[in-house]
>>> print(open('coords12.cif').read())   # mmCIF, C-alpha atoms
data_coords
#
loop_
_atom_site.label_atom_id
_atom_site.label_comp_id
_atom_site.auth_asym_id
_atom_site.auth_seq_id
_atom_site.Cartn_x
_atom_site.Cartn_y
_atom_site.Cartn_z
CA MET N 1 -10.59 -14.22 -7.48
CA SER N 2 -9.57 -10.56 -7.57
CA ILE N 3 -13.12 -9.58 -8.50
CA ARG N 4 -14.44 -11.48 -5.54
CA ILE N 5 -11.93 -9.77 -3.23
CA GLY N 6 -12.93 -6.40 -4.63
CA LEU N 7 -16.62 -7.04 -4.10
CA LEU N 8 -16.15 -8.27 -0.56
CA LEU N 9 -13.90 -5.38 0.40
CA ALA N 10 -16.26 -2.93 -1.23
CA ALA N 11 -19.14 -4.43 0.73
CA ALA N 12 -17.24 -4.42 4.01
CA GLY N 13 -15.67 -1.02 3.41
CA GLY N 14 -18.86 0.60 2.21
CA CYS N 15 -20.70 -0.72 5.23
CA LEU N 16 -17.96 0.49 7.59
CA GLY N 17 -18.58 3.95 6.17
CA ALA N 18 -22.30 4.04 6.70
CA CYS N 19 -24.92 1.33 6.45
CA ALA N 20 -27.63 3.54 5.10
CA THR N 21 -31.28 2.63 5.44
CA LEU N 22 -33.91 3.34 2.83
CA PRO N 23 -36.69 5.84 3.52
CA GLN N 24 -39.78 4.22 4.98
CA ALA N 25 -43.00 4.84 6.90
CA SER N 26 -42.44 6.67 10.15
CA LEU N 27 -41.16 4.51 12.97
CA HIS N 28 -43.99 5.82 15.13
CA GLN N 29 -46.53 4.26 12.74
CA GLN N 30 -44.54 1.03 12.52
CA LEU N 31 -44.60 0.78 16.32
CA GLY N 32 -48.40 0.87 16.20
CA GLY N 33 -48.78 4.52 17.18
CA ALA N 34 -49.65 5.58 20.72
CA ASP N 35 -51.39 2.27 21.49
CA GLY N 36 -48.48 0.19 20.26
CA ILE N 37 -45.99 2.22 22.26
CA ALA N 38 -48.19 1.97 25.37
CA ARG N 39 -48.22 -1.85 25.03
CA LEU N 40 -44.45 -1.92 24.52
CA VAL N 41 -43.77 0.26 27.56
CA ALA N 42 -46.13 -1.78 29.74
CA ALA N 43 -44.36 -4.98 28.67
CA THR N 44 -40.98 -3.38 29.32
CA ILE N 45 -41.93 -2.45 32.88
CA VAL N 46 -43.04 -6.04 33.53
CA GLU N 47 -39.74 -7.37 32.13
CA VAL N 48 -37.40 -5.11 34.13
CA HIS N 49 -39.21 -5.78 37.41
CA GLY N 50 -38.96 -9.51 36.68
CA ASP N 51 -35.24 -9.45 35.86
CA PRO N 52 -33.28 -10.05 39.09
CA ARG N 53 -30.15 -8.67 37.41
CA ILE N 54 -31.53 -5.13 37.22
CA SER N 55 -34.85 -5.11 39.13
CA GLU N 56 -33.12 -3.28 41.98
CA LEU N 57 -32.51 -0.30 39.68
CA PHE N 58 -36.29 0.02 39.32
CA ALA N 59 -37.22 -0.85 42.92
CA GLU N 60 -38.00 2.76 43.87
CA THR N 61 -39.30 3.79 40.48
CA ASP N 62 -42.72 5.45 40.34
CA ASP N 63 -44.10 3.16 37.64
CA ALA N 64 -46.88 5.54 36.53
CA TYR N 65 -44.42 8.41 36.07
CA PHE N 66 -41.85 6.16 34.40
CA ARG N 67 -44.50 4.73 32.08
CA ALA N 68 -45.68 8.20 30.97
CA ARG N 69 -42.14 9.51 30.40
CA LEU N 70 -40.95 6.39 28.56
CA GLU N 71 -44.01 6.49 26.29
CA GLU N 72 -43.27 10.14 25.46
CA PHE N 73 -39.62 9.44 24.97
CA ILE N 74 -40.13 6.53 22.59
CA CYS N 75 -42.85 8.47 20.76
CA GLN N 76 -40.48 11.40 20.27
CA ILE N 77 -37.48 9.29 19.26
CA ALA N 78 -39.71 7.45 16.77
CA ASP N 79 -40.64 10.76 15.07
CA GLY N 80 -44.10 10.82 16.66
CA ASP N 81 -45.86 14.05 17.54
CA CYS N 82 -44.90 14.12 21.22
CA ASP N 83 -42.78 16.17 23.54
CA TYR N 84 -40.76 14.32 26.13
CA ALA N 85 -41.45 16.10 29.42
CA GLY N 86 -38.85 14.32 31.52
CA LEU N 87 -35.30 15.12 32.46
CA PRO N 88 -32.49 14.89 29.89
CA MET N 89 -31.02 11.37 29.78
CA PRO N 90 -27.88 12.08 31.89
CA ASP N 91 -29.97 13.78 34.60
CA ALA N 92 -32.64 11.09 34.53
CA HIS N 93 -29.99 8.45 35.31
CA SER N 94 -27.85 10.59 37.58
CA GLY N 95 -26.61 8.78 40.67
CA MET N 96 -27.67 5.34 39.38
CA ASP N 97 -24.17 4.56 38.07
CA ILE N 98 -25.56 2.13 35.50
CA SER N 99 -22.84 -0.18 34.18
CA GLU N 100 -22.37 -1.37 30.61
CA ARG N 101 -23.57 -4.79 31.72
CA GLU N 102 -26.72 -3.42 33.33
CA PHE N 103 -27.41 -1.41 30.18
CA ASN N 104 -27.17 -4.61 28.14
CA TYR N 105 -29.50 -6.43 30.54
CA PHE N 106 -32.05 -3.67 29.99
CA VAL N 107 -31.61 -4.04 26.22
CA GLU N 108 -32.32 -7.78 26.54
CA ASP N 109 -35.43 -7.10 28.62
CA PHE N 110 -36.52 -4.46 26.12
CA GLU N 111 -36.03 -6.96 23.27
CA ARG N 112 -38.23 -9.45 25.13
CA ALA N 113 -40.84 -6.74 25.53
CA MET N 114 -40.70 -5.95 21.81
CA ASN N 115 -41.19 -9.65 21.09
CA THR N 116 -44.11 -9.82 23.51
CA SER N 117 -45.56 -6.82 21.68
CA ARG N 118 -45.14 -8.75 18.41
CA LEU N 119 -43.15 -6.02 16.71
CA PRO N 120 -41.51 -7.15 13.45
CA LEU N 121 -37.74 -7.63 13.71
CA ALA N 122 -36.94 -4.77 11.32
CA VAL N 123 -39.02 -2.36 13.42
CA GLN N 124 -37.36 -3.66 16.60
CA ASN N 125 -33.93 -3.01 15.13
CA ARG N 126 -34.84 0.48 13.92
CA LEU N 127 -36.05 1.47 17.37
CA LEU N 128 -33.17 -0.24 19.16
CA ALA N 129 -30.60 1.48 16.94
CA ARG N 130 -32.02 4.89 17.90
CA LEU N 131 -32.05 4.05 21.61
CA ALA N 132 -28.57 2.52 21.49
CA ARG N 133 -27.12 5.88 20.43
CA LEU N 134 -28.06 7.20 23.88
CA ARG N 135 -25.96 4.69 25.78
CA ASP N 136 -23.20 7.12 26.68
CA GLU N 137 -25.79 9.52 28.17
CA ILE N 138 -27.22 6.72 30.32
CA ILE N 139 -24.33 4.62 31.65
CA ARG N 140 -22.01 5.71 34.44
CA GLN N 141 -24.07 8.81 35.34
CA MET E 1 -10.75 -33.96 18.97
CA ARG E 2 -8.81 -35.27 21.92
CA VAL E 3 -8.24 -31.77 23.22
CA GLY E 4 -11.45 -29.95 23.77
CA TRP E 5 -14.41 -31.37 25.50
CA ALA E 6 -12.69 -32.74 28.60
CA TRP E 7 -11.13 -29.33 29.13
CA LEU E 8 -14.48 -27.64 29.08
CA LEU E 9 -15.20 -28.91 32.59
CA LEU E 10 -11.93 -27.48 33.86
CA LEU E 11 -12.49 -24.17 32.12
CA SER E 12 -16.04 -23.95 33.36
CA SER E 13 -14.70 -23.91 36.91
CA LEU E 14 -12.75 -20.77 35.97
CA ALA E 15 -15.87 -19.09 34.68
CA ALA E 16 -17.52 -18.62 38.05
CA ALA E 17 -20.79 -17.41 36.58
CA ALA E 18 -22.17 -17.58 33.08
CA ALA E 19 -20.88 -14.54 31.22
CA ASP E 20 -23.90 -12.57 30.04
CA GLY E 21 -22.58 -9.01 29.83
CA ARG E 22 -22.86 -8.66 26.07
CA LEU E 23 -25.44 -9.23 23.38
CA LEU E 24 -25.85 -12.72 21.97
CA GLY E 25 -23.39 -13.45 19.19
CA SER E 26 -21.15 -10.47 19.94
CA GLY E 27 -18.24 -12.83 20.59
CA GLY E 28 -18.42 -14.44 17.15
CA LEU E 29 -17.31 -18.05 16.86
CA LEU E 30 -13.95 -19.67 17.47
CA SER E 31 -12.18 -19.81 14.11
CA VAL E 32 -10.14 -22.74 12.76
CA GLU E 33 -7.11 -21.23 14.50
CA GLY E 34 -8.88 -20.56 17.80
CA SER E 35 -9.28 -16.78 17.71
CA ALA E 36 -12.82 -15.45 17.92
CA GLY E 37 -14.31 -14.25 14.66
CA GLY E 38 -15.78 -16.06 11.73
CA GLY E 39 -14.69 -19.54 10.74
CA LEU E 40 -11.58 -18.53 8.81
CA VAL E 41 -10.75 -15.01 9.97
CA PRO E 42 -10.49 -13.26 13.33
CA TRP E 43 -12.73 -10.33 14.22
CA ALA E 44 -11.99 -7.54 16.70
CA VAL E 45 -14.36 -9.23 19.17
CA ILE E 46 -13.39 -10.95 22.41
CA ALA E 47 -14.45 -14.61 22.55
CA GLY E 48 -17.62 -15.34 24.49
CA HIS E 49 -19.98 -12.88 26.15
CA SER E 50 -17.95 -11.49 29.05
CA GLY E 51 -18.86 -8.01 30.24
CA GLN E 52 -17.16 -5.98 32.94
CA GLY E 53 -15.62 -8.23 35.57
CA GLN E 54 -16.67 -11.45 33.84
CA TRP E 55 -14.82 -14.44 32.47
CA ASP E 56 -16.07 -16.69 29.73
CA ALA E 57 -14.66 -20.03 28.63
CA LEU E 58 -15.33 -21.72 25.31
CA ALA E 59 -14.45 -24.91 23.49
CA SER E 60 -15.04 -25.73 19.87
CA ALA E 61 -14.47 -28.44 17.32
CA SER E 62 -14.55 -27.86 13.58
CA VAL E 63 -13.87 -29.69 10.36
CA VAL E 64 -13.43 -28.60 6.76
CA ASP E 65 -13.40 -31.52 4.34
CA SER E 66 -12.65 -31.18 0.63
CA GLY E 67 -12.40 -34.90 -0.06
CA ASP E 68 -8.68 -34.69 -0.87
CA PHE E 69 -7.86 -32.99 2.43
CA ASP E 70 -9.55 -32.43 5.77
CA LEU E 71 -8.71 -29.81 8.36
CA ARG E 72 -9.85 -30.55 11.89
CA THR E 73 -9.47 -28.13 14.77
CA GLY E 74 -10.07 -28.42 18.49
CA ALA E 75 -9.93 -25.04 20.18
CA LEU E 76 -10.26 -23.54 23.64
CA ALA E 77 -10.57 -19.88 24.52
CA LEU E 78 -10.94 -17.64 27.51
CA GLY E 79 -12.42 -14.17 27.32
CA TRP E 80 -12.04 -11.65 30.13
CA ASN E 81 -13.82 -8.39 30.80
CA ASN E 82 -14.63 -7.90 27.11
CA ARG E 83 -11.00 -6.85 26.99
CA MET E 84 -8.67 -9.81 26.52
CA GLU E 85 -8.83 -13.21 24.86
CA LEU E 86 -6.49 -16.18 25.21
CA SER E 87 -6.85 -19.17 22.94
CA PHE E 88 -5.33 -22.49 22.09
CA ALA E 89 -6.01 -24.47 18.94
CA ARG E 90 -4.68 -27.70 17.56
CA MET E 91 -5.12 -27.83 13.81
CA SER E 92 -4.73 -31.17 12.10
CA LEU E 93 -4.57 -31.58 8.34
CA GLY E 94 -5.36 -34.96 6.80
CA LEU E 95 -3.52 -35.54 3.53
CA ASP E 96 -5.50 -38.30 1.82
CA ALA E 97 -4.68 -37.10 -1.71
CA LEU E 98 -0.93 -36.85 -1.07
CA VAL E 99 -0.81 -40.16 0.80
CA GLN E 100 -2.66 -41.98 -1.98
CA ALA E 101 -0.25 -40.47 -4.53
CA ASN E 102 2.62 -41.88 -2.42
CA ARG E 103 4.03 -38.38 -2.07
CA PHE E 104 3.70 -38.24 1.69
CA PRO E 105 3.88 -40.61 4.68
CA ASP E 106 0.55 -41.79 6.05
CA LYS E 107 0.33 -39.19 8.81
CA ARG E 108 -1.58 -36.03 9.65
CA LEU E 109 0.13 -32.62 9.79
CA ASP E 110 -0.54 -30.99 13.14
CA THR E 111 0.10 -27.38 14.16
CA ASP E 112 -0.63 -25.70 17.49
CA VAL E 113 -1.68 -22.08 17.75
CA ILE E 114 -1.56 -20.06 20.97
CA GLY E 115 -3.42 -16.81 20.54
CA ALA E 116 -3.82 -13.60 22.51
CA LYS E 117 -6.06 -10.71 21.56
CA LEU E 118 -6.53 -7.32 23.20
CA ARG E 119 -9.43 -5.00 22.56
CA LEU E 120 -7.77 -1.64 21.99
CA GLY E 121 -10.89 0.49 21.96
CA GLY E 122 -14.27 1.18 20.50
CA ASP E 123 -17.37 -0.94 20.88
CA LEU E 124 -18.75 -3.48 18.42
CA VAL E 125 -22.35 -2.37 18.93
CA TYR E 126 -22.41 1.08 20.53
CA GLY E 127 -21.03 4.38 19.30
CA ARG E 128 -19.87 5.34 15.85
CA ALA E 129 -16.35 3.95 15.96
CA PRO E 130 -15.71 0.29 15.21
CA GLN E 131 -14.16 -1.99 17.80
CA PHE E 132 -10.41 -2.31 17.35
CA ALA E 133 -8.26 -5.21 18.52
CA ALA E 134 -4.69 -6.38 18.16
CA GLY E 135 -3.77 -10.05 18.22
CA LEU E 136 -0.79 -12.36 18.36
CA GLN E 137 -0.74 -15.99 17.27
CA TRP E 138 2.25 -18.15 18.09
CA ARG E 139 2.33 -21.22 15.89
CA ARG E 140 4.38 -24.37 16.14
CA SER E 141 4.35 -27.33 13.83
CA ARG E 142 4.13 -30.65 15.69
CA ASP E 143 5.42 -32.44 12.59
CA ALA E 144 8.45 -30.33 11.71
CA ASP E 145 10.13 -33.09 9.68
CA LEU E 146 7.02 -33.46 7.50
CA ALA E 147 6.62 -29.71 7.04
CA SER E 148 10.23 -29.47 5.94
CA LEU E 149 9.39 -32.01 3.20
CA ALA E 150 7.25 -29.25 1.72
CA GLY E 151 10.27 -26.94 1.68
CA ALA E 152 9.44 -24.79 4.72
CA ASP E 153 12.27 -22.78 6.34
CA ASN E 154 11.09 -23.08 9.96
CA ASP E 155 8.89 -25.16 12.21
CA ARG E 156 7.53 -22.23 14.20
CA GLY E 157 6.48 -18.64 13.69
CA TYR E 158 4.01 -15.98 14.71
CA ASP E 159 1.31 -13.76 13.25
CA VAL E 160 0.45 -10.23 14.36
CA TYR E 161 -2.87 -8.72 13.31
CA LEU E 162 -5.03 -5.66 13.70
CA SER E 163 -8.81 -5.97 13.34
CA ALA E 164 -11.65 -3.49 13.09
CA SER E 165 -15.23 -4.76 13.41
CA LYS E 166 -18.59 -3.03 13.57
CA LEU E 167 -22.12 -4.25 14.08
CA TRP E 168 -25.00 -2.05 12.97
CA ILE E 169 -28.26 -2.87 14.77
CA ASP E 170 -30.25 -1.34 11.90
CA GLY E 171 -28.07 -2.63 9.04
CA ILE E 172 -28.81 -4.36 5.74
CA ALA E 173 -32.60 -4.85 5.43
CA SER E 174 -32.85 -3.53 9.02
CA ARG E 175 -31.05 -6.65 10.19
CA ARG E 176 -28.03 -6.59 12.49
CA THR E 177 -25.07 -6.41 10.16
CA LEU E 178 -21.43 -6.99 10.98
CA ALA E 179 -18.44 -6.01 8.88
CA SER E 180 -14.86 -6.73 9.78
CA LEU E 181 -11.42 -6.07 8.33
CA THR E 182 -8.14 -7.60 9.49
CA LEU E 183 -4.60 -6.72 8.50
CA ARG E 184 -2.07 -9.43 9.28
CA SER E 185 1.66 -9.96 9.20
CA THR E 186 2.44 -13.66 8.89
CA ASP E 187 5.32 -16.03 8.24
CA ALA E 188 3.10 -19.12 8.09
CA ASN E 189 2.53 -21.28 5.02
CA GLN E 190 -1.05 -22.62 4.93
CA LEU E 191 -1.63 -21.32 8.48
CA GLY E 192 1.58 -23.08 9.59
CA LEU E 193 0.36 -26.53 8.52
CA ALA E 194 3.04 -26.40 5.81
CA GLY E 195 5.63 -24.81 8.10
CA PHE E 196 6.96 -21.27 8.19
CA SER E 197 9.01 -18.99 6.00
CA ASP E 198 11.94 -16.66 6.76
CA GLN E 199 9.97 -13.98 4.89
CA ARG E 200 6.96 -12.19 6.35
CA SER E 201 3.90 -11.25 4.31
CA ILE E 202 1.09 -8.76 4.85
CA THR E 203 -2.38 -10.13 4.20
CA LEU E 204 -5.90 -8.68 4.29
CA GLU E 205 -9.00 -10.46 5.55
CA SER E 206 -12.64 -9.45 5.66
CA SER E 207 -16.06 -10.65 6.69
CA LEU E 208 -19.60 -9.50 6.17
CA ALA E 209 -22.38 -11.13 8.18
CA VAL E 210 -26.07 -10.48 8.72
CA PHE E 211 -28.22 -11.67 11.63
CA LEU E 212 -31.38 -12.93 9.92
CA ASP E 213 -32.85 -12.84 13.42
CA PRO E 214 -31.08 -12.75 16.80
CA ASN E 215 -30.32 -16.50 16.56
CA TRP E 216 -29.33 -16.98 12.91
CA LEU E 217 -26.30 -15.47 11.26
CA VAL E 218 -25.35 -15.73 7.59
CA GLY E 219 -22.06 -14.45 6.26
CA ILE E 220 -19.16 -14.50 3.84
CA GLU E 221 -15.47 -14.39 4.61
CA TYR E 222 -12.29 -13.86 2.68
CA ARG E 223 -8.79 -14.56 3.92
CA GLY E 224 -5.80 -13.43 1.88
CA LYS E 225 -2.81 -15.76 2.23
CA PRO E 226 0.82 -15.62 1.14
CA ASP E 227 2.20 -17.88 -1.60
CA ARG E 228 5.84 -18.53 -0.84
CA LEU E 229 6.49 -22.24 -1.19
CA ALA E 230 8.08 -23.36 -4.43
CA SER E 231 6.76 -26.90 -3.96
CA ALA E 232 3.05 -26.08 -3.99
CA ARG E 233 0.91 -23.06 -4.66
CA GLU E 234 -1.05 -21.45 -1.82
CA ASP E 235 -4.32 -19.58 -2.42
CA ALA E 236 -6.60 -17.24 -0.52
CA TRP E 237 -9.40 -18.93 1.42
CA SER E 238 -13.04 -17.92 1.44
CA ASP E 239 -16.34 -19.29 2.65
CA VAL E 240 -20.03 -18.69 3.08
CA PHE E 241 -21.60 -19.78 6.35
CA LEU E 242 -24.82 -20.08 8.26
CA ALA E 243 -24.57 -20.07 12.03
CA TRP E 244 -27.22 -20.98 14.57
CA LEU E 245 -26.93 -19.37 17.98
CA PRO E 246 -29.73 -20.90 20.08
CA SER E 247 -28.14 -19.51 23.26
CA ARG E 248 -24.88 -18.18 24.66
CA HIS E 249 -23.96 -21.75 25.46
CA TRP E 250 -24.17 -23.32 22.02
CA HIS E 251 -23.21 -22.04 18.59
CA LEU E 252 -23.28 -24.17 15.44
CA ALA E 253 -21.99 -23.18 12.04
CA LEU E 254 -22.30 -24.85 8.66
CA GLY E 255 -20.45 -23.43 5.70
CA TYR E 256 -18.97 -24.05 2.31
CA ALA E 257 -15.29 -23.19 2.01
CA ASP E 258 -12.98 -22.65 -0.95
CA LEU E 259 -9.41 -23.42 0.11
CA GLY E 260 -7.90 -23.08 -3.36
CA SER E 261 -4.82 -25.14 -4.07
CA ILE E 262 -3.34 -27.35 -1.32
CA GLY E 263 -0.25 -29.51 -1.77
CA GLY E 264 -0.41 -29.16 -5.53
CA PHE E 265 -4.09 -30.14 -5.72
CA PRO E 266 -6.14 -27.18 -7.02
CA GLY E 267 -9.80 -26.42 -6.40
CA GLN E 268 -10.11 -27.69 -2.84
CA ARG E 269 -13.69 -26.97 -1.81
CA GLY E 270 -15.85 -28.55 0.79
CA TYR E 271 -18.17 -28.32 3.74
CA TYR E 272 -17.27 -26.58 6.95
CA LEU E 273 -18.84 -27.57 10.24
CA SER E 274 -18.21 -26.06 13.64
CA VAL E 275 -19.69 -26.71 17.08
CA GLN E 276 -18.99 -24.46 20.04
CA GLY E 277 -19.89 -24.82 23.69
CA SER E 278 -19.60 -22.50 26.65
CA PRO E 279 -20.71 -23.04 30.28
#
>>> encode(input="coords12.cif", output="structure tokens")
Amino acid sequence: MSIRIGLLLAAAGGCLGACATLPQASLHQQLGGADGIARLVAATIVEVHGDPRISELFAETDDAYFRARLEEFICQIADGDCDYAGLPMPDAHSGMDISEREFNYFVEDFERAMNTSRLPLAVQNRLLARLARLRDEIIRQ
Amino acid sequence: MRVGWAWLLLLSSLAAAAADGRLLGSGGLLSVEGSAGGGLVPWAVIAGHSGQGQWDALASASVVDSGDFDLRTGALALGWNNRMELSFARMSLGLDALVQANRFPDKRLDTDVIGAKLRLGGDLVYGRAPQFAAGLQWRRSRDADLASLAGADNDRGYDVYLSASKLWIDGIASRRTLASLTLRSTDANQLGLAGFSDQRSITLESSLAVFLDPNWLVGIEYRGKPDRLASAREDAWSDVFLAWLPSRHWHLALGYADLGSIGGFPGQRGYYLSVQGSP
């Protein structure tokens, strides 16, 4: 029994420290490169406009501009060879006062878009984990 | 269970709108003692999926059956604002082995648990820090005379616990991975089913769970327990489980639990089944 306790605590404790991931192909490649990211962003824009919980946040969005910036942003965050030309995250969301709930609704829509784009679950999680780190720069701005 | 499903209608009227402010599964399941977490241990999560300004109500029924004993629980919980959780559970232990050995009257041992949990800080999913919560569980034996047969000092008591839980989106095998630790001070024997002691004990509990995909969760749990009764040994509990979360409204869990020695009968192992509903 004590061995089992030790193993379980080691697993839980080790993971609390840092759940490391193994090195792998670049996330940009796993997302299907520029074409894959373009499909994902297009699907995301369809999802958010169709979600009555947050569609209002995108009602006055210039879709073409948003599409171009989001593609660059995802490309850059996925270690692709791109430079995001938009505003820093806090400035880009300034005045929107996005709540934690609305942020989660966007995450759900984004997950649906990743499913529509047929991205494997592991790739979805890798991308989502990188985007999730930006939450504090996006909400309540 | 008699408590449970009828109450769901009442509770659903409290939950004005379906709580959808958090990611699916981030409220865990209602445990055998009503607090949200795994099946046997609480996590630092608030029951249900309430976000800011939302209520969520839940009801669950579960059974662990080792053949010699069976533990049934009906539980209700309210979650508010992803901040506070209130729960009620009625645990009922069937004592087939003891009854057949003529060592106990032909009755079930029932104990009620009223729980409250407060999220102290942190976020399960976002940020580097884990989510922290503190909880209280008031327990009262409904069969005090039977519990005293086992040599218990009291028929009521309380637990205080601190939990830390974290979910990594890109965890083990790039699957969502949850780890949780709980430190508890308890005076209960066998969760209060065998009464309460004048002494308090500190116990440690942990869980590790992986979302195979957003709707399937597999995990292991360990729950340290005190061993204070002279009449019968008490062991730590552990289990492995598979949970299916088809939506926020329904969670099902199937597990295999090792409850150690109960009432002098060692090696109590058996299946664990839990069904949870939320409006």
>>> interface_residues(input="coords12.cif", of="chain E", to="chain N", cutoff="7 Å", atoms="all atoms listed in the file", output="CSV table (one decimal) with C-alpha atoms, in the coordinates of the input")
chain,number,residue,atom,x,y,z
E,21,GLY,CA,-22.6,-9.0,29.8
E,22,ARG,CA,-22.9,-8.7,26.1
E,23,LEU,CA,-25.4,-9.2,23.4
E,51,GLY,CA,-18.9,-8.0,30.2
E,52,GLN,CA,-17.2,-6.0,32.9
E,126,TYR,CA,-22.4,1.1,20.5
E,127,GLY,CA,-21.0,4.4,19.3
E,166,LYS,CA,-18.6,-3.0,13.6
E,169,ILE,CA,-28.3,-2.9,14.8
E,170,ASP,CA,-30.2,-1.3,11.9
E,171,GLY,CA,-28.1,-2.6,9.0
E,172,ILE,CA,-28.8,-4.4,5.7
E,174,SER,CA,-32.8,-3.5,9.0
E,175,ARG,CA,-31.0,-6.6,10.2
E,179,ALA,CA,-18.4,-6.0,8.9
E,180,SER,CA,-14.9,-6.7,9.8
E,206,SER,CA,-12.6,-9.4,5.7
E,207,SER,CA,-16.1,-10.6,6.7
E,208,LEU,CA,-19.6,-9.5,6.2
>>> residues_around(input="coords12.cif", residues="range 28-32 of chain N", least_positions_apart="6", cutoff="6 Å", atoms="only C-alpha atoms", output="list in words")
Ala78, Asp79 and Gly80 of chain N
>>> resolve_selection(input="coords12.cif", expression="the PyMOL selection byres ((chain E and resi 221) around 8)", output="list of chain:residue names")
E:Gly38, E:Leu40, E:Val41, E:Glu205, E:Ser206, E:Ser207, E:Leu208, E:Gly219, E:Ile220, E:Tyr222, E:Arg223, E:Ser238, E:Asp239, E:Val240
>>> atom_distance(input="coords12.cif", atom1="CA of Leu217 in chain E", atom2="CA of Ala253 in chain E")
8.9 Å
>>> resolve_selection(input="coords12.cif", expression="the PyMOL selection byres ((chain E and resi 107) around 10)", output="MDAnalysis selection string")
chainID E and resid 93:96 99 104:106 108:110 143 146
>>> build_atoms(input="coords12.cif", residues="range 157-169 of chain E", atoms="N, CA, C and O atoms", output="CSV table (one decimal), in the coordinates of the input")
chain,number,residue,atom,x,y,z
E,157,GLY,N,6.5,-20.0,14.1
E,157,GLY,CA,6.5,-18.6,13.7
E,157,GLY,C,5.4,-17.9,14.4
E,157,GLY,O,4.8,-18.5,15.4
E,158,TYR,N,5.1,-16.7,14.1
E,158,TYR,CA,4.0,-16.0,14.7
E,158,TYR,C,3.4,-15.0,13.7
E,158,TYR,O,4.0,-14.6,12.8
E,159,ASP,N,2.1,-14.7,14.0
E,159,ASP,CA,1.3,-13.8,13.2
E,159,ASP,C,1.0,-12.6,14.2
E,159,ASP,O,0.8,-12.8,15.4
E,160,VAL,N,0.9,-11.4,13.6
E,160,VAL,CA,0.4,-10.2,14.4
E,160,VAL,C,-0.7,-9.7,13.5
E,160,VAL,O,-0.5,-9.6,12.3
E,161,TYR,N,-1.8,-9.3,14.1
E,161,TYR,CA,-2.9,-8.7,13.3
E,161,TYR,C,-3.6,-7.6,14.0
E,161,TYR,O,-3.6,-7.5,15.3
E,162,LEU,N,-4.2,-6.7,13.2
E,162,LEU,CA,-5.0,-5.7,13.7
E,162,LEU,C,-6.4,-5.9,13.1
E,162,LEU,O,-6.5,-6.1,11.9
E,163,SER,N,-7.5,-5.8,13.9
E,163,SER,CA,-8.8,-6.0,13.3
E,163,SER,C,-9.7,-4.8,13.7
E,163,SER,O,-9.5,-4.2,14.8
E,164,ALA,N,-10.6,-4.5,12.8
E,164,ALA,CA,-11.6,-3.5,13.1
E,164,ALA,C,-13.0,-4.1,12.7
E,164,ALA,O,-13.1,-4.7,11.6
E,165,SER,N,-13.9,-4.1,13.7
E,165,SER,CA,-15.2,-4.8,13.4
E,165,SER,C,-16.3,-3.8,13.9
E,165,SER,O,-16.2,-3.2,14.9
E,166,LYS,N,-17.4,-3.9,13.2
E,166,LYS,CA,-18.6,-3.0,13.6
E,166,LYS,C,-19.9,-3.8,13.3
E,166,LYS,O,-20.0,-4.4,12.3
E,167,LEU,N,-20.8,-3.7,14.3
E,167,LEU,CA,-22.1,-4.2,14.1
E,167,LEU,C,-23.1,-3.1,14.1
E,167,LEU,O,-23.1,-2.3,15.0
E,168,TRP,N,-23.9,-3.0,13.0
E,168,TRP,CA,-25.0,-2.0,13.0
E,168,TRP,C,-26.3,-2.8,13.3
E,168,TRP,O,-26.7,-3.8,12.7
E,169,ILE,N,-27.0,-2.2,14.4
E,169,ILE,CA,-28.3,-2.9,14.8
E,169,ILE,C,-29.3,-2.8,13.6
E,169,ILE,O,-30.0,-3.7,13.3
